[in-house]
Each structure stands twice: as C-alpha cells, then as structure tokens.
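A.B. asks: So that you have it, the file is query.tsv, and it contains TSV, C-alpha atoms:
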```
chain	number	residue	atom	x	y	z
E	1	MET	CA	-8.84	1.30	-10.14
E	2	ARG	CA	-12.52	1.94	-10.91
E	3	ARG	CA	-13.30	5.16	-12.77
E	4	ALA	CA	-15.62	6.31	-9.97
E	5	ASP	CA	-12.77	5.93	-7.46
E	6	ARG	CA	-10.45	7.83	-9.78
E	7	LEU	CA	-12.85	10.76	-10.13
E	8	PHE	CA	-13.28	10.88	-6.36
E	9	LEU	CA	-9.52	11.00	-5.85
E	10	ILE	CA	-9.13	13.82	-8.38
E	11	ILE	CA	-11.68	15.94	-6.51
E	12	HIS	CA	-10.05	15.09	-3.18
E	13	ALA	CA	-6.61	15.99	-4.52
E	14	LEU	CA	-7.80	19.44	-5.59
E	15	ARG	CA	-9.62	20.33	-2.38
E	16	GLY	CA	-7.94	22.96	-0.24
E	17	ARG	CA	-5.14	23.70	-2.72
E	18	ARG	CA	-4.04	27.30	-3.25
E	19	THR	CA	-1.88	26.51	-6.25
E	20	ALA	CA	-2.65	24.50	-9.36
E	21	LEU	CA	-1.95	20.75	-9.25
E	22	PRO	CA	-0.13	19.61	-12.43
E	23	ALA	CA	-1.92	16.98	-14.45
E	24	ARG	CA	1.32	14.99	-14.67
E	25	ARG	CA	1.42	14.56	-10.88
E	26	LEU	CA	-2.19	13.37	-10.89
E	27	ALA	CA	-1.37	10.89	-13.65
E	28	GLU	CA	1.62	9.50	-11.73
E	29	THR	CA	-0.33	9.18	-8.49
E	30	LEU	CA	-3.34	7.52	-10.12
E	31	ASN	CA	-1.11	5.41	-12.41
E	32	VAL	CA	-2.96	6.50	-15.57
E	33	SER	CA	-2.04	8.43	-18.71
E	34	LEU	CA	-2.17	12.21	-19.06
E	35	ARG	CA	-4.94	11.77	-21.62
E	36	THR	CA	-7.04	9.93	-19.02
E	37	VAL	CA	-6.53	12.76	-16.50
E	38	TYR	CA	-7.53	15.38	-19.09
E	39	ARG	CA	-10.66	13.39	-20.01
E	40	ASP	CA	-11.64	12.81	-16.37
E	41	VAL	CA	-11.23	16.48	-15.47
E	42	ALA	CA	-13.28	17.53	-18.51
E	43	ASP	CA	-16.05	15.10	-17.50
E	44	LEU	CA	-16.06	16.46	-13.94
E	45	GLN	CA	-16.30	20.02	-15.27
E	46	VAL	CA	-19.26	19.05	-17.47
E	47	CYS	CA	-20.94	17.55	-14.40
E	48	GLY	CA	-20.64	20.88	-12.57
E	49	VAL	CA	-17.55	20.32	-10.41
E	50	PRO	CA	-15.95	23.81	-10.15
E	51	ILE	CA	-12.49	22.88	-11.49
E	52	GLU	CA	-10.42	25.64	-13.04
E	53	GLY	CA	-7.25	25.35	-15.11
E	54	GLU	CA	-6.08	23.71	-18.29
E	55	ALA	CA	-3.78	21.06	-19.70
E	56	GLY	CA	-0.12	21.98	-19.32
E	57	VAL	CA	-0.83	24.43	-16.50
E	58	GLY	CA	-2.63	22.49	-13.80
E	59	TYR	CA	-5.96	22.38	-12.02
E	60	MET	CA	-7.53	23.70	-8.85
E	61	LEU	CA	-11.02	24.12	-7.40
E	62	ARG	CA	-12.66	27.49	-7.76
E	63	LYS	CA	-12.16	29.74	-4.74
E	64	GLY	CA	-14.79	29.08	-2.09
E	65	SER	CA	-14.97	25.35	-2.81
E	66	ASP	CA	-12.48	24.37	-0.08
E	67	ILE	CA	-13.23	22.09	2.86
E	68	PRO	CA	-11.78	22.59	6.36
E	69	PRO	CA	-8.25	21.18	6.91
E	70	LEU	CA	-7.71	17.95	8.78
E	71	MET	CA	-6.71	18.55	12.38
E	72	PHE	CA	-3.30	16.88	12.57
E	73	THR	CA	-0.30	18.01	14.57
E	74	ALA	CA	3.03	18.47	12.79
E	75	GLU	CA	4.34	15.29	14.49
E	76	GLU	CA	1.31	13.27	13.38
E	77	LEU	CA	1.73	14.46	9.81
E	78	GLU	CA	5.43	13.60	9.76
E	79	SER	CA	4.54	10.12	11.05
E	80	LEU	CA	2.12	9.66	8.15
E	81	VAL	CA	4.67	10.86	5.60
E	82	VAL	CA	7.46	8.66	6.99
E	83	GLY	CA	5.11	5.68	7.27
E	84	SER	CA	4.08	6.16	3.66
E	85	ARG	CA	7.72	6.23	2.56
E	86	PHE	CA	8.40	2.94	4.32
E	87	VAL	CA	5.32	1.31	2.82
E	88	ARG	CA	6.37	2.45	-0.64
E	89	ALA	CA	9.90	1.14	-0.07
E	90	PHE	CA	9.23	-2.23	1.53
E	91	ALA	CA	5.64	-3.32	0.86
E	92	GLY	CA	4.15	-4.52	-2.40
E	93	GLU	CA	3.04	-2.17	-5.17
E	94	ARG	CA	-0.63	-2.49	-4.17
E	95	LEU	CA	-0.01	-1.05	-0.70
E	96	ALA	CA	2.49	1.45	-2.09
E	97	GLN	CA	-0.16	2.82	-4.44
E	98	GLY	CA	-2.59	3.01	-1.52
E	99	ALA	CA	-0.04	4.99	0.48
E	100	ARG	CA	0.48	7.43	-2.39
E	101	THR	CA	-3.23	8.14	-2.85
E	102	ALA	CA	-3.84	8.41	0.91
E	103	LEU	CA	-1.07	11.01	1.22
E	104	LEU	CA	-2.47	12.89	-1.74
E	105	LYS	CA	-5.84	13.18	0.02
E	106	ILE	CA	-4.21	14.35	3.25
E	107	GLU	CA	-1.90	16.88	1.59
E	108	ALA	CA	-4.81	18.35	-0.39
E	109	VAL	CA	-6.64	19.65	2.68
E	110	LEU	CA	-3.71	20.84	4.78
E	111	PRO	CA	-2.62	24.43	5.35
E	112	PRO	CA	0.54	25.06	3.27
E	113	GLU	CA	2.80	25.53	6.30
E	114	LEU	CA	1.85	22.14	7.79
E	115	ARG	CA	2.13	20.40	4.42
E	116	GLN	CA	5.62	21.74	3.82
E	117	ARG	CA	6.82	20.97	7.34
E	118	ALA	CA	5.66	17.36	7.07
E	119	LEU	CA	7.24	16.86	3.64
E	120	ARG	CA	10.58	18.21	4.89
E	121	SER	CA	11.08	15.15	7.09
E	122	ARG	CA	14.63	13.83	6.80
E	123	ILE	CA	13.70	10.20	7.41
E	124	PHE	CA	13.80	8.35	4.09
E	125	ALA	CA	13.36	4.80	2.81
E	126	PRO	CA	15.11	4.35	-0.58
E	127	THR	CA	13.18	2.19	-3.03
E	128	ARG	CA	15.90	1.43	-5.58
E	129	GLY	CA	16.36	-2.22	-6.52
E	130	ARG	CA	13.30	-3.55	-4.70
E	131	GLU	CA	11.03	-4.14	-7.72
E	132	ALA	CA	11.32	-7.94	-7.72
E	133	GLU	CA	10.75	-8.16	-3.97
E	134	SER	CA	7.75	-5.84	-4.29
E	135	ARG	CA	6.13	-8.10	-6.89
E	136	ARG	CA	6.71	-11.15	-4.68
E	137	ILE	CA	5.14	-9.44	-1.65
E	138	ASP	CA	2.14	-8.50	-3.82
E	139	ARG	CA	1.64	-12.13	-4.87
E	140	LEU	CA	1.95	-13.44	-1.30
E	141	HIS	CA	-0.37	-10.72	-0.02
E	142	GLU	CA	-2.97	-11.74	-2.60
E	143	ALA	CA	-2.65	-15.42	-1.64
E	144	ILE	CA	-3.25	-14.53	2.02
E	145	ALA	CA	-6.30	-12.40	1.15
E	146	GLN	CA	-7.75	-15.15	-1.07
E	147	HIS	CA	-6.91	-18.01	1.36
E	148	GLN	CA	-5.00	-19.81	-1.38
E	149	VAL	CA	-2.98	-22.91	-0.56
E	150	LEU	CA	0.54	-22.44	-1.92
E	151	ARG	CA	3.13	-24.92	-3.12
E	152	LEU	CA	6.66	-23.67	-2.71
E	153	ASP	CA	10.29	-24.71	-2.97
E	154	TYR	CA	12.05	-23.38	0.11
E	155	ARG	CA	15.76	-23.03	0.96
E	156	ASP	CA	16.82	-23.08	4.59
E	157	GLU	CA	19.91	-21.43	6.08
E	158	ALA	CA	22.04	-24.40	5.02
E	159	GLU	CA	20.80	-24.03	1.41
E	160	ARG	CA	18.82	-27.26	1.63
E	161	THR	CA	15.66	-27.15	-0.52
E	162	SER	CA	12.36	-28.74	0.44
E	163	ALA	CA	8.93	-28.81	-1.19
E	164	ARG	CA	6.18	-27.41	1.02
E	165	GLU	CA	2.45	-26.96	0.85
E	166	ILE	CA	1.30	-24.15	3.10
E	167	GLU	CA	-1.72	-22.16	4.20
E	168	PRO	CA	-0.43	-18.53	4.25
E	169	LEU	CA	-1.73	-16.45	7.16
E	170	CYS	CA	0.20	-13.17	7.42
E	171	LEU	CA	3.24	-11.14	6.43
E	172	ALA	CA	5.46	-9.45	9.01
E	173	PHE	CA	8.34	-7.03	8.45
E	174	TRP	CA	11.29	-7.29	10.84
E	175	GLY	CA	13.33	-4.17	10.07
E	176	GLY	CA	14.98	-5.47	6.92
E	177	LYS	CA	13.41	-8.84	6.13
E	178	TRP	CA	9.89	-10.06	5.52
E	179	THR	CA	8.48	-13.20	7.15
E	180	LEU	CA	5.54	-15.21	5.84
E	181	GLY	CA	3.57	-16.84	8.65
E	182	ALA	CA	1.78	-20.03	7.64
E	183	TRP	CA	0.45	-23.44	8.56
E	184	CYS	CA	2.85	-25.95	7.02
E	185	ARG	CA	1.12	-29.15	5.91
E	186	LEU	CA	4.43	-31.01	5.71
E	187	ARG	CA	5.32	-30.30	9.36
E	188	CYS	CA	1.70	-30.21	10.58
E	189	ASP	CA	2.54	-27.07	12.52
E	190	TYR	CA	2.99	-23.33	12.21
E	191	ARG	CA	6.11	-22.17	10.42
E	192	SER	CA	7.70	-18.86	9.40
E	193	PHE	CA	9.20	-18.57	5.93
E	194	ARG	CA	11.42	-15.83	4.57
E	195	PRO	CA	10.14	-14.77	1.12
E	196	ASP	CA	13.70	-14.16	-0.09
E	197	ARG	CA	14.43	-17.87	0.51
E	198	ILE	CA	11.44	-19.07	-1.51
E	199	ALA	CA	12.96	-20.35	-4.74
E	200	ALA	CA	9.58	-20.69	-6.47
E	201	PHE	CA	5.92	-20.86	-5.53
E	202	GLU	CA	2.50	-21.24	-7.09
E	203	ALA	CA	-1.14	-21.50	-6.06
E	204	SER	CA	-2.33	-25.09	-5.85
E	205	GLY	CA	-5.86	-24.20	-6.91
E	206	GLU	CA	-7.17	-25.13	-3.45
E	207	THR	CA	-8.44	-22.69	-0.84
E	208	PHE	CA	-8.46	-23.18	2.93
E	209	THR	CA	-10.62	-22.05	5.85
E	210	GLU	CA	-9.00	-20.69	8.98
E	211	THR	CA	-9.89	-22.30	12.29
E	212	PRO	CA	-8.83	-21.48	15.87
E	213	GLU	CA	-6.40	-24.40	15.67
E	214	ARG	CA	-5.03	-23.46	12.23
E	215	GLY	CA	-5.43	-19.71	11.81
E	216	LEU	CA	-3.83	-16.34	12.40
E	217	ALA	CA	-4.56	-16.19	16.13
E	218	GLY	CA	-2.93	-19.60	16.61
E	219	TYR	CA	0.11	-18.58	14.58
E	220	LEU	CA	0.59	-15.40	16.61
E	221	ARG	CA	0.39	-17.36	19.86
E	222	ALA	CA	2.92	-19.89	18.57
E	223	ALA	CA	5.22	-17.06	17.46
E	224	GLY	CA	5.00	-15.44	20.89
E	225	ALA	CA	3.40	-12.26	19.57
E	226	GLY	CA	1.24	-10.26	21.97
E	227	ALA	CA	-2.37	-9.38	21.29
E	228	ASP	CA	-1.32	-5.78	20.60
E	229	VAL	CA	0.18	-6.89	17.27
E	230	LEU	CA	-3.35	-6.67	15.84
E	231	ASP	CA	-3.94	-3.13	17.14
E	232	TYR	CA	-4.02	-0.26	14.65
```
Please rewrite the model in this file as structure tokens.

C.D. replies:
Amino acid sequence: MRRADRLFLIIHALRGRRTALPARRLAETLNVSLRTVYRDVADLQVCGVPIEGEAGVGYMLRKGSDIPPLMFTAEELESLVVGSRFVRAFAGERLAQGARTALLKIEAVLPPELRQRALRSRIFAPTRGREAESRRIDRLHEAIAQHQVLRLDYRDEAERTSAREIEPLCLAFWGGKWTLGAWCRLRCDYRSFRPDRIAAFEASGETFTETPERGLAGYLRAAGAGADVLDY
C-alpha cells in the first residue's frame, strides 16, 4: 500500500469517532507495524491534521473535525458487514484487505448506535484453515487481471490428470467452491475449472487479448449466465 493511501485511510478511520481508536487496530487493518502507525500519525500532526491522543492510548480527531455520517439503513449496514465477512473468509487476501479497509471507512463515520447494531449481526463466515486456498485465489485473480496465459495440471472427478494451457477469464463462487472460467486451448472451447482440483499451475510468460469469440462475455453465454451477473 502506498504511504499516501495509508495516510488517507488513517484520517478516514478517525473521522466521526467519539472514542479513541487504538493504534494496534490501525496497524492490523493497514497491515503495518505499530511503529509505522506512530510515525504516520506524528507526520499528520506536523502537517496540521487535528489528531489528538498518544501511543498506548489511541487517537481521535479534535472535536469539531467530524464529517456527516453516511446515510445507510441498519439493513444496508448489516449487508455490508456480512458481505465483508464472506469476502474475508472465501476470497483472496487482496480482496479481504480491501474489505477490511472499506469497513473501517464506513464504521468511522457512523453514529454509534448504527455501528453497534450492524456489528452485532449473527451471520458469520469462519476463516480458519483457508490460508492456502486464499493464496491460490490471489494468484488466479492476478493472472486474470494481467491476462496471463496459465499452464496447469488438472485433476477431473475421476482423478485423471491432464496438462492444460488456458486463458483465465473470471472467478465465480458457488456457495462453497470456486470455479475458474477460462478458454481452454487444448479443447478449443470454454471450460470451467475448480481451483481445488488444480494440482499445479504457472504463468507461461505469454499474455492474451480477449475477443468477443474468446472473452468473458462469450464464457458467460456458454455457461448460461444471464447479463445480470455483471451488475453491481
């Protein structure tokens, strides 16, 4: 994360708070050391940002520096909290970190009663034991973003292994299992691969260009997905 982004997030996290935010929580959310948080806060104070507090106690913006709260309903806020928990549990670490920082921004500008009601949601998504899967999703996500051709060894349901060269197009989560949508050069057609059945994979060093005949829109049509799958 760039330092400028980190400083912005610190200010955002402190906005609207009525109690001090511990430096340790900031460090965990930003994935940096306590020393980095202390240094960043000191630099912001030198630059005139009205931050009060100290190491070991916590930080908050001086009274009168608040911004108006976001206008969310309690149901909307619970949806954001639950959605963030599922992203942290099932997506890669990159998206999980994004979910954490987004929630931090939202929580910072909410009235206390709404913040507490949203965080009391009893819908959870345990994250234990998913570290290896998270790293794999991160690598596949990066390959999709960079249009990298991948070579992989894939096991089918009968445990037969085949070598494939694919153009990865998207990741989809089906309530328990991920699916990697791709153009398979071996089959000359669209195919769906389960990441947990990929024995090994690597980037070939080649990149590809999507076309209407060999791109995401074509894969979604072949998979029978409606156009609304791309809606936010």

A.B. asks: Find the spatial neighbours of E:Arg164, counting all atoms listed in the file, within a cut-off of 12 Å - ignore same-chain residues fewer than 3 positions away - and output them as number ranges by chain.

C.D. replies: E: 149-155, 161, 167-168, 182-188, 191, 193, 198-204

A.B. asks: Could those residues be written to a file, using C-alpha atoms, as a short mmCIF file (atom, residue, chain, number, x, y, z; two decimals), in the frame of the given file?

C.D. replies:
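Writing done, so here's result.cif:
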```cif
data_model
loop_
_atom_site.label_atom_id
_atom_site.label_comp_id
_atom_site.auth_asym_id
_atom_site.auth_seq_id
_atom_site.Cartn_x
_atom_site.Cartn_y
_atom_site.Cartn_z
CA VAL E 149 -2.98 -22.91 -0.56
CA LEU E 150 0.54 -22.44 -1.92
CA ARG E 151 3.13 -24.92 -3.12
CA LEU E 152 6.66 -23.67 -2.71
CA ASP E 153 10.29 -24.71 -2.97
CA TYR E 154 12.05 -23.38 0.11
CA ARG E 155 15.76 -23.03 0.96
CA THR E 161 15.66 -27.15 -0.52
CA GLU E 167 -1.72 -22.16 4.20
CA PRO E 168 -0.43 -18.53 4.25
CA ALA E 182 1.78 -20.03 7.64
CA TRP E 183 0.45 -23.44 8.56
CA CYS E 184 2.85 -25.95 7.02
CA ARG E 185 1.12 -29.15 5.91
CA LEU E 186 4.43 -31.01 5.71
CA ARG E 187 5.32 -30.30 9.36
CA CYS E 188 1.70 -30.21 10.58
CA ARG E 191 6.11 -22.17 10.42
CA PHE E 193 9.20 -18.57 5.93
CA ILE E 198 11.44 -19.07 -1.51
CA ALA E 199 12.96 -20.35 -4.74
CA ALA E 200 9.58 -20.69 -6.47
CA PHE E 201 5.92 -20.86 -5.53
CA GLU E 202 2.50 -21.24 -7.09
CA ALA E 203 -1.14 -21.50 -6.06
CA SER E 204 -2.33 -25.09 -5.85
#
```

A.B. asks: Closest to E:Asn31 among E:Glu131, E:Glu165, E:Asp196, E:Glu93, using all atoms listed in the file?

C.D. replies: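 Checking each of E:Glu131, E:Glu165, E:Asp196, E:Glu93 against E:Asn31, counting all atoms listed in the file, the winner is E:Glu93.
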
A.B. asks: If we draw a sphere of 12 Å around (-1.0, -23.5, 15.2), which residues have at least one atom in it when counting all atoms listed in the file? Please report them as a list in words.

C.D. replies: Glu167, Leu169, Gly181, Ala182, Trp183, Cys184, Arg185, Arg187, Cys188, Asp189, Tyr190, Arg191, Ser192, Glu210, Thr211, Pro212, Glu213, Arg214, Gly215, Leu216, Ala217, Gly218, Tyr219, Leu220, Arg221, Ala222, Ala223 and Gly224 of chain E

A.B. asks: Determine, counting only C-alpha atoms, which protein, DNA and RNA residues have an atom within 9 Å of an atom of E:Gln97; residues of the same chain fewer than 5 positions away are not included. Present the result as a list in words.

C.D. replies: Thr29, Leu30, Asn31, Arg88, Gly92 and Ala102 of chain E

A.B. asks: Just the number, please: distance in Å from atom CA of E:Ala74 to atom CA of E:Leu26, one decimal.

C.D. replies: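 Atom CA of E:Leu26 lies 24.8 Å from atom CA of E:Ala74.
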
A.B. asks: Using only C-alpha atoms, which protein or nucleic acid residues come within 12 Å of E:Tyr38? Drop anything in the same chain fewer than 6 positions from it, and give the result as a short mmCIF file (atom, residue, chain, number, x, y, z; two decimals) with C-alpha atoms, keeping the file's coordinate frame.

C.D. replies:
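Final file, out04.cif:
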```
data_model
loop_
_atom_site.label_atom_id
_atom_site.label_comp_id
_atom_site.auth_asym_id
_atom_site.auth_seq_id
_atom_site.Cartn_x
_atom_site.Cartn_y
_atom_site.Cartn_z
CA LEU E 7 -12.85 10.76 -10.13
CA ILE E 10 -9.13 13.82 -8.38
CA PRO E 22 -0.13 19.61 -12.43
CA ALA E 23 -1.92 16.98 -14.45
CA ARG E 24 1.32 14.99 -14.67
CA LEU E 26 -2.19 13.37 -10.89
CA ALA E 27 -1.37 10.89 -13.65
CA VAL E 32 -2.96 6.50 -15.57
CA LEU E 44 -16.06 16.46 -13.94
CA GLN E 45 -16.30 20.02 -15.27
CA ILE E 51 -12.49 22.88 -11.49
CA GLY E 53 -7.25 25.35 -15.11
CA GLU E 54 -6.08 23.71 -18.29
CA ALA E 55 -3.78 21.06 -19.70
CA GLY E 56 -0.12 21.98 -19.32
CA VAL E 57 -0.83 24.43 -16.50
CA GLY E 58 -2.63 22.49 -13.80
CA TYR E 59 -5.96 22.38 -12.02
#
```

A.B. asks: List every protein, DNA or RNA residue with an atom no more than 10 Å from (-11.8, -18.5, 3.7) in the file's coordinates, counting only C-alpha atoms, and format the result as a ChimeraX atom specification.

C.D. replies: /E:144-148,207-211
